[in-house]
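The structure appears right after this line, and notes come after that.
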Amino acid sequence: MYKKTLTVAMAAATLATLATLTAAPASAVAFTDAAPKIEVIFGAFTTIREPDSTFTCPAGEVLIDRAHWGDETGWTRYRCGQVRINGETVSVQTRNWTTAGKESNSYFASPPDHVLIGRRHLGDENGLTSYLTGALYWRGVQLRLTSRYWTEPMKESNHSIQAFAPLVMTGRQHKGDENGDTRYEYSTVTVDG
């Protein structure tokens, strides 16, 4: 029987030829690198009295969670965080405060690709609430906020909500007084391309 033998030199030449035929150009390899790593680095908690309050995240941070205990004179706790992509801090471009609406029947969803960075509330449940929004930028490109979803309703007078990366707060709805329901909208920070 005839045996075909492949020498080491012939095997190396064959592998080199196959590698040349199947190798992708360098630009394609760079484009197909792993997806960027998106993190949210939590900041400190800030607790304030609810009536006649204004809360704004520190520069470069976005709203991550909110909690409230008690009636309209109770305590509200906020926490913000920095969004980072591959270890680089994302910048936040602040917009103007929204037009105030009545708290007891409020619904606010930020404009497309904008995140919440502040909340102002005057008075009790019949008072006015407004929000401060901002856009996220990484390497000079505005990031998208996708997969928007609303949480289940929670009783305003005893609730706490928190998101994890790559989610950020983009909306809030409240009905009634402190015994009414509150829910939040969250969105996913997305890097295109």
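Residues are named by chain letter and number: chains run A, B, ... in the order of the structure tokens, numbers start at 1 in each chain, and ligands are numbered from 1 in the order shown.
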
message: So that I can check the surroundings of Asp71 of chain A, please list as a PyMOL selection string every protein, DNA and RNA residue that reaches within 6 Å of it, counting only C-alpha atoms and ignoring chain neighbours fewer than 2 positions away.
response: chain A and resi 73-74+157+178

Counting only C-alpha atoms, which residues of segment 133-165 of chain A sit at most 12 Å from some atom of segment 37-43 of chain A, and what is each one's closest atom pair with its distance in Å to one decimal, listed by chain and rising residue number, as a Markdown table?
```
| residue | atom | partner | partner_atom | distance |
| --- | --- | --- | --- | --- |
| A:Trp138 | CA | A:Ile38 | CA | 11.0 |
| A:Leu143 | CA | A:Ile38 | CA | 11.4 |
| A:Gln162 | CA | A:Phe42 | CA | 10.4 |
| A:Ala163 | CA | A:Val40 | CA | 9.3 |
| A:Phe164 | CA | A:Val40 | CA | 7.0 |
| A:Ala165 | CA | A:Val40 | CA | 5.1 |
```

Same residues, N, CA, C and O atoms, output as a tab-separated table (two decimals), in the first residue's frame:
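Once written, selection11.tsv looks like this:
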```
chain	number	residue	atom	x	y	z
A	138	TRP	N	-19.33	60.03	24.44
A	138	TRP	CA	-18.10	59.26	24.59
A	138	TRP	C	-17.27	59.44	23.33
A	138	TRP	O	-17.77	59.19	22.23
A	143	LEU	N	-24.12	59.08	22.86
A	143	LEU	CA	-24.52	57.68	23.07
A	143	LEU	C	-26.03	57.55	22.93
A	143	LEU	O	-26.78	58.49	23.19
A	162	GLN	N	-33.23	50.80	42.25
A	162	GLN	CA	-31.83	50.93	41.85
A	162	GLN	C	-31.60	50.15	40.57
A	162	GLN	O	-32.13	49.07	40.39
A	163	ALA	N	-30.81	50.72	39.70
A	163	ALA	CA	-30.46	50.06	38.44
A	163	ALA	C	-29.00	49.65	38.45
A	163	ALA	O	-28.22	50.12	39.27
A	164	PHE	N	-28.65	48.78	37.53
A	164	PHE	CA	-27.27	48.35	37.38
A	164	PHE	C	-26.83	48.58	35.93
A	164	PHE	O	-27.67	48.65	35.04
A	165	ALA	N	-25.53	48.69	35.74
A	165	ALA	CA	-24.98	48.95	34.40
A	165	ALA	C	-25.50	47.92	33.42
A	165	ALA	O	-25.66	46.76	33.78
```

message: Need to verify the contact set: segment 76-85 of chain A, 7 Å, only C-alpha atoms, exclusion of same-chain residues closer than 4 positions in sequence. Can you return it as a VMD selection string?
response: chain A and resid 36 to 50 57 60 to 69 89 to 90

field: Distance query segment 180-193 of chain A at most 7 Å, only C-alpha atoms, self and fewer than 5 positions along chain excluded, as a ChimeraX atom specification
entry: /A:143-156,166-175

Using only C-alpha atoms, please write the residues we just selected to a file, as a PDB file, in the first residue's frame.
```
ATOM      1  CA  LEU A 143     -24.516  57.681  23.067  1.00  0.00           C
ATOM      2  CA  ARG A 144     -27.893  56.085  22.430  1.00  0.00           C
ATOM      3  CA  LEU A 145     -30.292  55.042  25.160  1.00  0.00           C
ATOM      4  CA  THR A 146     -32.214  51.982  24.013  1.00  0.00           C
ATOM      5  CA  SER A 147     -34.563  49.301  25.349  1.00  0.00           C
ATOM      6  CA  ARG A 148     -36.571  51.777  27.422  1.00  0.00           C
ATOM      7  CA  TYR A 149     -38.857  50.054  29.934  1.00  0.00           C
ATOM      8  CA  TRP A 150     -41.024  51.019  32.918  1.00  0.00           C
ATOM      9  CA  THR A 151     -40.774  49.355  36.330  1.00  0.00           C
ATOM     10  CA  GLU A 152     -43.772  47.937  38.140  1.00  0.00           C
ATOM     11  CA  PRO A 153     -45.665  50.494  40.287  1.00  0.00           C
ATOM     12  CA  MET A 154     -44.431  50.993  43.885  1.00  0.00           C
ATOM     13  CA  LYS A 155     -46.052  52.832  46.773  1.00  0.00           C
ATOM     14  CA  GLU A 156     -44.442  56.296  46.897  1.00  0.00           C
ATOM     15  CA  PRO A 166     -25.644  49.659  31.639  1.00  0.00           C
ATOM     16  CA  LEU A 167     -29.046  51.026  32.803  1.00  0.00           C
ATOM     17  CA  VAL A 168     -29.742  54.674  33.642  1.00  0.00           C
ATOM     18  CA  MET A 169     -32.934  56.464  34.752  1.00  0.00           C
ATOM     19  CA  THR A 170     -34.836  58.188  31.936  1.00  0.00           C
ATOM     20  CA  GLY A 171     -38.329  58.783  33.350  1.00  0.00           C
ATOM     21  CA  ARG A 172     -40.702  58.836  36.318  1.00  0.00           C
ATOM     22  CA  GLN A 173     -44.467  58.653  36.775  1.00  0.00           C
ATOM     23  CA  HIS A 174     -46.503  59.314  39.946  1.00  0.00           C
ATOM     24  CA  LYS A 175     -50.235  59.198  40.660  1.00  0.00           C
TER      25      LYS A 175
END
```

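For the atom pair formed by atom CA of Glu72 of chain A and atom CA of Glu125 of chain A, the distance is 6.5 Å, given to one decimal.
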
task: If you run DSSP over the backbone, which residues in chain A end up alpha helix (DSSP H)? Put them as an MDAnalysis selection string.
output: chainID A and resid 8:22 26:31

Keeping only N, CA and C atoms, write those residues as a PDB file, in the first residue's frame.
```
ATOM      1  N   VAL A   8       7.608  18.204   7.172  1.00  0.00           N
ATOM      2  CA  VAL A   8       7.419  19.368   8.031  1.00  0.00           C
ATOM      3  C   VAL A   8       7.454  20.638   7.199  1.00  0.00           C
ATOM      4  N   ALA A   9       8.365  20.717   6.236  1.00  0.00           N
ATOM      5  CA  ALA A   9       8.480  21.911   5.392  1.00  0.00           C
ATOM      6  C   ALA A   9       7.220  22.102   4.557  1.00  0.00           C
ATOM      7  N   MET A  10       6.693  20.986   4.016  1.00  0.00           N
ATOM      8  CA  MET A  10       5.478  21.079   3.198  1.00  0.00           C
ATOM      9  C   MET A  10       4.285  21.486   4.067  1.00  0.00           C
ATOM     10  N   ALA A  11       4.188  20.966   5.286  1.00  0.00           N
ATOM     11  CA  ALA A  11       3.089  21.309   6.187  1.00  0.00           C
ATOM     12  C   ALA A  11       3.138  22.791   6.553  1.00  0.00           C
ATOM     13  N   ALA A  12       4.324  23.296   6.827  1.00  0.00           N
ATOM     14  CA  ALA A  12       4.471  24.706   7.178  1.00  0.00           C
ATOM     15  C   ALA A  12       4.077  25.592   6.007  1.00  0.00           C
ATOM     16  N   ALA A  13       4.475  25.219   4.799  1.00  0.00           N
ATOM     17  CA  ALA A  13       4.135  25.999   3.612  1.00  0.00           C
ATOM     18  C   ALA A  13       2.630  25.995   3.378  1.00  0.00           C
ATOM     19  N   THR A  14       1.982  24.851   3.589  1.00  0.00           N
ATOM     20  CA  THR A  14       0.530  24.748   3.408  1.00  0.00           C
ATOM     21  C   THR A  14      -0.202  25.623   4.421  1.00  0.00           C
ATOM     22  N   LEU A  15       0.202  25.575   5.697  1.00  0.00           N
ATOM     23  CA  LEU A  15      -0.419  26.405   6.723  1.00  0.00           C
ATOM     24  C   LEU A  15      -0.223  27.894   6.442  1.00  0.00           C
ATOM     25  N   ALA A  16       0.957  28.265   5.978  1.00  0.00           N
ATOM     26  CA  ALA A  16       1.224  29.671   5.656  1.00  0.00           C
ATOM     27  C   ALA A  16       0.319  30.142   4.528  1.00  0.00           C
ATOM     28  N   THR A  17       0.103  29.292   3.524  1.00  0.00           N
ATOM     29  CA  THR A  17      -0.777  29.641   2.415  1.00  0.00           C
ATOM     30  C   THR A  17      -2.209  29.784   2.880  1.00  0.00           C
ATOM     31  N   LEU A  18      -2.692  28.851   3.714  1.00  0.00           N
ATOM     32  CA  LEU A  18      -4.049  28.939   4.244  1.00  0.00           C
ATOM     33  C   LEU A  18      -4.228  30.187   5.099  1.00  0.00           C
ATOM     34  N   ALA A  19      -3.246  30.530   5.921  1.00  0.00           N
ATOM     35  CA  ALA A  19      -3.343  31.711   6.769  1.00  0.00           C
ATOM     36  C   ALA A  19      -3.430  32.970   5.918  1.00  0.00           C
ATOM     37  N   THR A  20      -2.706  33.024   4.823  1.00  0.00           N
ATOM     38  CA  THR A  20      -2.743  34.181   3.938  1.00  0.00           C
ATOM     39  C   THR A  20      -4.099  34.311   3.279  1.00  0.00           C
ATOM     40  N   LEU A  21      -4.697  33.195   2.897  1.00  0.00           N
ATOM     41  CA  LEU A  21      -5.990  33.223   2.226  1.00  0.00           C
ATOM     42  C   LEU A  21      -7.131  33.602   3.159  1.00  0.00           C
ATOM     43  N   THR A  22      -7.036  33.241   4.452  1.00  0.00           N
ATOM     44  CA  THR A  22      -8.159  33.460   5.360  1.00  0.00           C
ATOM     45  C   THR A  22      -7.968  34.646   6.287  1.00  0.00           C
ATOM     46  N   ALA A  26      -6.176  44.208   8.531  1.00  0.00           N
ATOM     47  CA  ALA A  26      -6.006  44.744   9.878  1.00  0.00           C
ATOM     48  C   ALA A  26      -7.181  45.622  10.287  1.00  0.00           C
ATOM     49  N   SER A  27      -7.733  46.415   9.371  1.00  0.00           N
ATOM     50  CA  SER A  27      -8.845  47.299   9.720  1.00  0.00           C
ATOM     51  C   SER A  27     -10.078  46.498  10.117  1.00  0.00           C
ATOM     52  N   ALA A  28     -10.298  45.370   9.491  1.00  0.00           N
ATOM     53  CA  ALA A  28     -11.458  44.544   9.837  1.00  0.00           C
ATOM     54  C   ALA A  28     -11.277  43.911  11.210  1.00  0.00           C
ATOM     55  N   VAL A  29     -10.047  43.541  11.555  1.00  0.00           N
ATOM     56  CA  VAL A  29      -9.785  42.945  12.852  1.00  0.00           C
ATOM     57  C   VAL A  29     -10.073  43.963  13.952  1.00  0.00           C
ATOM     58  N   ALA A  30      -9.653  45.207  13.762  1.00  0.00           N
ATOM     59  CA  ALA A  30      -9.890  46.243  14.757  1.00  0.00           C
ATOM     60  C   ALA A  30     -11.391  46.499  14.920  1.00  0.00           C
ATOM     61  N   PHE A  31     -12.155  46.449  13.848  1.00  0.00           N
ATOM     62  CA  PHE A  31     -13.583  46.725  13.883  1.00  0.00           C
ATOM     63  C   PHE A  31     -14.357  45.633  14.606  1.00  0.00           C
TER      64      PHE A  31
END
```

field: Best match for closeness to Val115 of chain A among A:Arg139, A:Thr94, A:Ala35, A:Asn179, counting only C-alpha atoms
entry: A:Thr94

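Take atom CA of Asn96 of chain A and atom CA of Gly127 of chain A: the distance between them is 19.9 Å.
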